[in-house]
>>> print(open('query28.csv').read())   # CSV, C-alpha atoms and all ligand atoms
chain,number,residue,atom,x,y,z
A,1,MET,CA,0.0,0.0,0.0
A,2,ALA,CA,1.0,3.6,-0.3
A,3,GLU,CA,1.4,6.2,2.4
A,4,LYS,CA,2.1,9.9,2.5
A,5,SER,CA,5.6,11.2,3.2
A,6,VAL,CA,7.5,14.5,3.1
A,7,ALA,CA,10.9,14.6,1.4
A,8,LEU,CA,13.4,17.2,0.3
A,9,GLY,CA,13.1,18.1,-3.4
A,10,TYR,CA,15.0,20.5,-5.7
A,11,ARG,CA,17.2,23.0,-3.7
A,12,GLY,CA,16.0,21.5,-0.4
A,13,VAL,CA,12.4,22.5,-0.8
A,14,ARG,CA,10.1,20.2,1.3
A,15,ILE,CA,7.7,18.4,-1.0
A,16,ARG,CA,4.8,16.1,-0.2
A,17,MET,CA,4.8,12.7,-1.9
A,18,PHE,CA,3.7,9.1,-1.7
A,19,VAL,CA,6.1,6.3,-1.1
A,20,TYR,CA,5.3,2.8,-2.1
A,21,GLU,CA,5.7,-0.2,0.2
A,22,LYS,CA,5.9,-3.5,-1.6
A,23,LYS,CA,3.4,-5.2,0.6
A,24,LEU,CA,-0.4,-5.6,0.6
A,25,GLN,CA,-2.3,-4.3,3.6
A,26,TYR,CA,-3.7,-7.9,4.0
A,27,PRO,CA,-2.2,-10.9,2.2
A,28,VAL,CA,-4.0,-12.3,-0.9
A,29,LYS,CA,-3.1,-15.9,-1.9
A,30,ILE,CA,-5.7,-17.5,-4.1
A,31,THR,CA,-5.1,-21.1,-5.1
A,32,ASN,CA,-8.1,-21.7,-7.5
A,33,PRO,CA,-8.7,-19.2,-10.4
A,34,ASN,CA,-12.4,-18.4,-10.8
A,35,PRO,CA,-13.4,-15.9,-13.5
A,36,LYS,CA,-17.0,-15.8,-12.3
A,37,TYR,CA,-15.8,-14.4,-9.0
A,38,ALA,CA,-13.5,-12.0,-10.8
A,39,LYS,CA,-16.4,-10.5,-12.7
A,40,ILE,CA,-18.2,-9.7,-9.5
A,41,ILE,CA,-15.3,-8.5,-7.5
A,42,ILE,CA,-14.0,-6.1,-10.2
A,43,THR,CA,-16.9,-3.8,-9.1
A,44,GLN,CA,-14.9,-2.9,-6.0
A,45,TYR,CA,-12.0,-1.8,-8.3
A,46,GLY,CA,-14.0,0.5,-10.7
A,47,GLY,CA,-17.6,0.3,-9.7
A,48,PRO,CA,-19.9,3.0,-8.2
A,49,ASP,CA,-19.0,2.1,-4.6
A,50,GLY,CA,-15.5,0.8,-5.3
A,51,GLU,CA,-12.0,1.7,-4.0
A,52,LEU,CA,-10.9,3.9,-6.9
A,53,GLY,CA,-13.8,6.3,-6.4
A,54,ALA,CA,-13.3,6.2,-2.6
A,55,SER,CA,-9.6,7.1,-2.7
A,56,LEU,CA,-10.0,9.9,-5.3
A,57,ARG,CA,-13.0,11.3,-3.4
A,58,TYR,CA,-11.2,11.6,-0.1
A,59,LEU,CA,-7.8,12.6,-1.6
A,60,SER,CA,-9.7,15.4,-3.6
A,61,GLN,CA,-11.9,16.6,-0.8
A,62,ARG,CA,-9.0,17.1,1.6
A,63,PHE,CA,-7.7,20.2,-0.2
A,64,ALA,CA,-10.7,22.4,0.7
A,65,MET,CA,-11.2,20.9,4.2
A,66,PRO,CA,-10.5,23.8,6.6
A,67,TYR,CA,-9.9,21.7,9.8
A,68,PRO,CA,-6.4,20.1,10.0
A,69,GLU,CA,-7.7,17.0,11.9
A,70,LEU,CA,-10.3,16.4,9.1
A,71,LYS,CA,-7.8,17.1,6.3
A,72,GLY,CA,-5.6,14.5,8.0
A,73,LEU,CA,-8.5,12.1,8.3
A,74,LEU,CA,-9.3,12.4,4.6
A,75,THR,CA,-5.6,11.9,3.7
A,76,ASP,CA,-5.3,8.8,5.9
A,77,ILE,CA,-8.5,7.1,4.7
A,78,GLY,CA,-7.9,8.1,1.0
A,79,THR,CA,-4.4,6.6,1.2
A,80,GLU,CA,-5.7,3.5,2.8
A,81,GLU,CA,-8.3,3.1,0.0
A,82,LEU,CA,-5.5,3.1,-2.5
A,83,GLY,CA,-4.1,0.2,-0.6
A,84,HIS,CA,-7.5,-1.5,-0.9
A,85,LEU,CA,-7.6,-0.8,-4.6
A,86,GLU,CA,-4.3,-2.7,-4.9
A,87,MET,CA,-5.8,-5.6,-2.9
A,88,ILE,CA,-8.8,-5.8,-5.2
A,89,GLY,CA,-6.6,-5.7,-8.3
A,90,THR,CA,-4.5,-8.5,-6.8
A,91,ILE,CA,-7.6,-10.6,-6.1
A,92,VAL,CA,-9.0,-10.2,-9.6
A,93,TYR,CA,-5.6,-10.9,-11.1
A,94,GLN,CA,-5.1,-14.1,-9.1
A,95,LEU,CA,-8.7,-15.2,-10.0
A,96,THR,CA,-8.0,-14.9,-13.7
A,97,ARG,CA,-4.3,-15.9,-14.2
A,98,ASN,CA,-3.4,-18.9,-16.3
A,99,LEU,CA,-6.9,-19.4,-17.7
A,100,SER,CA,-7.4,-21.4,-20.9
A,101,ILE,CA,-9.8,-20.2,-23.6
A,102,ASP,CA,-12.1,-23.1,-22.7
A,103,GLU,CA,-12.3,-22.0,-19.0
A,104,ILE,CA,-12.9,-18.4,-20.1
A,105,LYS,CA,-15.9,-19.5,-22.3
A,106,LYS,CA,-17.2,-21.9,-19.7
A,107,ALA,CA,-17.3,-19.2,-17.0
A,108,GLY,CA,-18.9,-16.6,-19.3
A,109,PHE,CA,-15.8,-14.4,-19.1
A,110,GLU,CA,-15.7,-13.7,-22.9
A,111,ASP,CA,-17.2,-10.2,-22.6
A,112,TYR,CA,-14.5,-8.9,-20.3
A,113,PHE,CA,-11.8,-11.0,-22.0
A,114,VAL,CA,-12.5,-9.5,-25.5
A,115,ASP,CA,-11.8,-6.0,-24.3
A,116,HIS,CA,-9.1,-6.5,-21.6
A,117,THR,CA,-7.7,-10.0,-22.0
A,118,THR,CA,-6.9,-10.7,-18.3
A,119,GLY,CA,-5.7,-7.2,-17.6
A,120,ILE,CA,-7.2,-5.3,-14.7
A,121,TYR,CA,-9.5,-2.5,-15.8
A,122,PRO,CA,-11.6,-0.1,-13.6
A,123,GLN,CA,-15.2,-1.1,-14.3
A,124,ALA,CA,-18.3,-2.1,-12.5
A,125,ALA,CA,-19.6,-5.7,-12.4
A,126,SER,CA,-22.1,-4.5,-15.1
A,127,GLY,CA,-19.1,-3.6,-17.4
A,128,THR,CA,-19.6,0.2,-17.1
A,129,PRO,CA,-16.2,1.9,-17.0
A,130,TRP,CA,-15.3,3.9,-13.9
A,131,SER,CA,-16.2,7.6,-14.1
A,132,ALA,CA,-15.6,10.6,-11.8
A,133,ALA,CA,-19.3,11.4,-12.5
A,134,GLY,CA,-20.1,8.8,-9.8
A,135,MET,CA,-18.4,10.7,-7.0
A,136,GLN,CA,-18.4,14.1,-5.6
A,137,SER,CA,-16.0,16.7,-4.0
A,138,LYS,CA,-18.4,19.5,-3.1
A,139,GLY,CA,-16.2,21.8,-1.1
A,140,ASP,CA,-18.7,21.9,1.8
A,141,VAL,CA,-17.6,20.3,5.1
A,142,ILE,CA,-21.0,18.8,6.2
A,143,THR,CA,-22.0,17.8,2.6
A,144,ASP,CA,-18.7,16.0,1.9
A,145,LEU,CA,-18.5,14.2,5.3
A,146,SER,CA,-22.2,13.1,4.9
A,147,GLU,CA,-21.4,11.7,1.4
A,148,ASN,CA,-18.5,9.8,2.8
A,149,LEU,CA,-20.6,8.2,5.6
A,150,ALA,CA,-23.0,7.0,2.9
A,151,ALA,CA,-20.2,5.9,0.6
A,152,GLU,CA,-18.7,3.7,3.4
A,153,GLN,CA,-22.0,2.0,4.0
A,154,LYS,CA,-22.5,1.4,0.2
A,155,ALA,CA,-19.0,-0.2,0.1
A,156,ARG,CA,-19.9,-2.3,3.1
A,157,THR,CA,-23.1,-3.5,1.5
A,158,THR,CA,-21.2,-4.4,-1.7
A,159,TYR,CA,-18.7,-6.4,0.3
A,160,ASP,CA,-21.6,-8.1,2.1
A,161,ASN,CA,-23.2,-9.0,-1.3
A,162,ILE,CA,-19.8,-10.4,-2.5
A,163,LEU,CA,-19.6,-12.5,0.6
A,164,ARG,CA,-23.1,-13.9,-0.2
A,165,LEU,CA,-21.9,-15.0,-3.6
A,166,VAL,CA,-18.4,-16.3,-2.9
A,167,ASP,CA,-17.6,-19.6,-1.1
A,168,ASP,CA,-13.8,-19.8,-1.5
A,169,PRO,CA,-12.1,-19.0,1.9
A,170,ASP,CA,-9.0,-17.7,0.0
A,171,VAL,CA,-11.2,-15.0,-1.5
A,172,ARG,CA,-13.5,-14.5,1.5
A,173,GLU,CA,-10.8,-13.7,4.1
A,174,PRO,CA,-9.3,-10.6,2.3
A,175,ILE,CA,-12.9,-9.5,1.4
A,176,LYS,CA,-13.9,-9.8,5.1
A,177,PHE,CA,-10.9,-7.7,6.0
A,178,LEU,CA,-11.9,-5.0,3.5
A,179,ARG,CA,-15.5,-5.0,4.8
A,180,GLU,CA,-14.3,-4.5,8.3
A,181,ARG,CA,-12.2,-1.5,7.3
A,182,GLU,CA,-15.3,0.1,5.7
A,183,VAL,CA,-17.1,-0.1,9.1
A,184,VAL,CA,-14.1,1.5,10.8
A,185,HIS,CA,-14.0,4.3,8.1
A,186,PHE,CA,-17.7,4.9,8.7
A,187,GLN,CA,-17.1,5.3,12.4
A,188,ARG,CA,-14.1,7.7,11.8
A,189,PHE,CA,-16.1,9.9,9.4
A,190,GLY,CA,-18.9,9.9,12.1
A,191,GLU,CA,-16.4,11.3,14.6
A,192,GLY,CA,-15.2,13.8,12.0
A,193,LEU,CA,-18.7,15.0,11.3
A,194,ARG,CA,-19.3,15.5,15.1
A,195,LEU,CA,-16.0,17.4,15.3
A,196,ALA,CA,-17.1,19.7,12.5
A,197,THR,CA,-20.6,20.3,13.9
A,198,ASP,CA,-19.2,21.0,17.4
A,199,ARG,CA,-17.3,23.9,15.9
A,200,LEU,CA,-20.4,25.4,14.3
A,201,ASP,CA,-23.3,27.2,15.8
A,202,SER,CA,-25.5,24.2,16.7
A,203,ARG,CA,-28.7,26.2,15.9
A,204,ASN,CA,-27.7,27.0,12.3
A,205,TYR,CA,-24.8,24.9,11.1
A,206,TYR,CA,-26.6,24.1,7.9
A,207,MET,CA,-26.7,27.8,7.1
A,208,CYS,CA,-22.9,28.3,6.4
A,209,ASN,CA,-20.0,26.4,5.0
A,210,PRO,CA,-16.7,26.7,7.0
A,211,ALA,CA,-14.8,25.8,3.8
A,212,PHE,CA,-16.1,28.9,2.1
A,213,ASP,CA,-17.9,31.4,4.2
A,214,LYS,CA,-15.7,33.7,6.4
A,215,ASN,CA,-16.7,33.8,10.1
A,216,CYS,CA,-18.7,30.6,9.7
A,217,GLY,CA,-18.9,29.0,13.2
A,218,LYS,CA,-17.2,32.0,14.8
A,301,FE,FE,-13.5,2.9,3.1
>>> encode(input="query28.csv", output="structure tokens")
Amino acid sequence: MAEKSVALGYRGVRIRMFVYEKKLQYPVKITNPNPKYAKIIITQYGGPDGELGASLRYLSQRFAMPYPELKGLLTDIGTEELGHLEMIGTIVYQLTRNLSIDEIKKAGFEDYFVDHTTGIYPQAASGTPWSAAGMQSKGDVITDLSENLAAEQKARTTYDNILRLVDDPDVREPIKFLREREVVHFQRFGEGLRLATDRLDSRNYYMCNPAFDKNCGK
């Protein structure tokens, strides 16, 4: 997974960057390929409630977030979601490696195969390619945090549905780990929303946006 770091750049200027750690957040070791499972699980790579949308949503929202703790929260969770994207890509890859054409046809994997062979492409289970139109960065503290709470629950529901459809423990264990992290993120965004509303006038906090309106909450 990736994590944020600070390094010295040209002429000693401090720059923000990501460093890459060559290790998954949770191990993925799948013995039996299964393209049917891959077609379902790809939705958490590029589907409407998947990890790509989650990471880009949080890592985009953080720029306008006025409170340092919440900016840090968005950076932490957005970075972790990139690690989850990597796990999902690894699961789909391991489920589709070394397939024969007969296995591809038998599993009904031809529609994905014809466009992407066995490469990893950000799409929903329906085949719809990933689009930023499915996520939001609104620049309003309460709006963005409320969207994130809903997004975490939608991701949790998707993982629950995957667990209803998948029997292989090699696949279920990393999916269960990812499901658990969505619950933790929901809780952390809940704390973040409380922190934001505590700073605003409790009688009218929907009437101003601390990311934009001067003196909001003061
Ligand atoms: Fe999450």
>>> closest_residue(input="query28.csv", among="A:Asn98, A:Gln123, A:Gln44, A:Asn34", to="Ile162 of chain A", atoms="all atoms listed in the file")
A:Gln44
>>> residues_near_ligand(input="query28.csv", ligand="ligand FE 301 (chain A)", cutoff="8 Å", atoms="all atoms listed in the file", output="list in words")
Glu51, Ala54, Ile77, Gly78, Glu80, Glu81, Ala151, Glu152, Ala155, Arg181, Glu182, Val183, Val184, His185 and Phe186 of chain A
>>> closest_residue(input="query28.csv", among="A:Ser126, A:Thr31, A:Thr79, A:Ser55", to="Thr43 of chain A", atoms="all atoms listed in the file")
A:Ser126
>>> residues_around(input="query28.csv", residues="Gly83 of chain A", least_positions_apart="3", cutoff="12 Å", atoms="only C-alpha atoms", output="JSON list (two decimals) with C-alpha atoms, keeping the file's coordinate frame")
[["chain", "number", "residue", "atom", "x", "y", "z"],
["A", 1, "MET", "CA", 0.00, 0.00, 0.00],
["A", 2, "ALA", "CA", 1.00, 3.60, -0.30],
["A", 3, "GLU", "CA", 1.40, 6.20, 2.40],
["A", 4, "LYS", "CA", 2.10, 9.90, 2.50],
["A", 18, "PHE", "CA", 3.70, 9.10, -1.70],
["A", 19, "VAL", "CA", 6.10, 6.30, -1.10],
["A", 20, "TYR", "CA", 5.30, 2.80, -2.10],
["A", 21, "GLU", "CA", 5.70, -0.20, 0.20],
["A", 22, "LYS", "CA", 5.90, -3.50, -1.60],
["A", 23, "LYS", "CA", 3.40, -5.20, 0.60],
["A", 24, "LEU", "CA", -0.40, -5.60, 0.60],
["A", 25, "GLN", "CA", -2.30, -4.30, 3.60],
["A", 26, "TYR", "CA", -3.70, -7.90, 4.00],
["A", 27, "PRO", "CA", -2.20, -10.90, 2.20],
["A", 45, "TYR", "CA", -12.00, -1.80, -8.30],
["A", 51, "GLU", "CA", -12.00, 1.70, -4.00],
["A", 52, "LEU", "CA", -10.90, 3.90, -6.90],
["A", 54, "ALA", "CA", -13.30, 6.20, -2.60],
["A", 55, "SER", "CA", -9.60, 7.10, -2.70],
["A", 76, "ASP", "CA", -5.30, 8.80, 5.90],
["A", 77, "ILE", "CA", -8.50, 7.10, 4.70],
["A", 78, "GLY", "CA", -7.90, 8.10, 1.00],
["A", 79, "THR", "CA", -4.40, 6.60, 1.20],
["A", 80, "GLU", "CA", -5.70, 3.50, 2.80],
["A", 86, "GLU", "CA", -4.30, -2.70, -4.90],
["A", 87, "MET", "CA", -5.80, -5.60, -2.90],
["A", 88, "ILE", "CA", -8.80, -5.80, -5.20],
["A", 89, "GLY", "CA", -6.60, -5.70, -8.30],
["A", 90, "THR", "CA", -4.50, -8.50, -6.80],
["A", 178, "LEU", "CA", -11.90, -5.00, 3.50],
["A", 181, "ARG", "CA", -12.20, -1.50, 7.30]]
>>> closest_residue(input="query28.csv", among="A:Val28, A:Leu145, A:Leu82, A:Leu95", to="Gln61 of chain A", atoms="only C-alpha atoms")
A:Leu145
>>> closest_residue(input="query28.csv", among="A:Met17, A:Ile30, A:Val141, A:Ala133", to="Met65 of chain A", atoms="all atoms listed in the file")
A:Val141
>>> atom_distance(input="query28.csv", atom1="atom CA of Asp49 of chain A", atom2="atom CA of Thr117 of chain A")
24.0 Å
>>> atom_distance(input="query28.csv", atom1="atom CA of Gln136 of chain A", atom2="atom CA of Arg164 of chain A")
28.9 Å
>>> closest_residue(input="query28.csv", among="A:Ile120, A:Ile142, A:Asn161, A:Asp167", to="Asp198 of chain A", atoms="only C-alpha atoms")
A:Ile142
>>> atom_distance(input="query28.csv", atom1="atom CA of Thr118 of chain A", atom2="atom CA of Arg97 of chain A")
7.1 Å
>>> closest_residue(input="query28.csv", among="A:Leu165, A:Leu56, A:Ala196, A:Ile41", to="Ala132 of chain A", atoms="all atoms listed in the file")
A:Leu56
>>> residues_around(input="query28.csv", residues="Cys216 of chain A", least_positions_apart="4", cutoff="9 Å", atoms="all atoms listed in the file", output="list in words")
Leu200, Asp201, Tyr205, Met207, Cys208, Asn209, Pro210, Ala211 and Phe212 of chain A
>>> closest_atom_pairs(input="query28.csv", of="segment 22-44 of chain A", to="segment 105-109 of chain A", cutoff="10 Å", atoms="only C-alpha atoms", output="tab-separated table")
residue	atom	partner	partner_atom	distance
A:Asn34	CA	A:Ala107	CA	7.9
A:Pro35	CA	A:Ala107	CA	6.2
A:Lys36	CA	A:Ala107	CA	5.8
A:Tyr37	CA	A:Ala107	CA	9.4
A:Ala38	CA	A:Phe109	CA	8.9
A:Lys39	CA	A:Phe109	CA	7.5
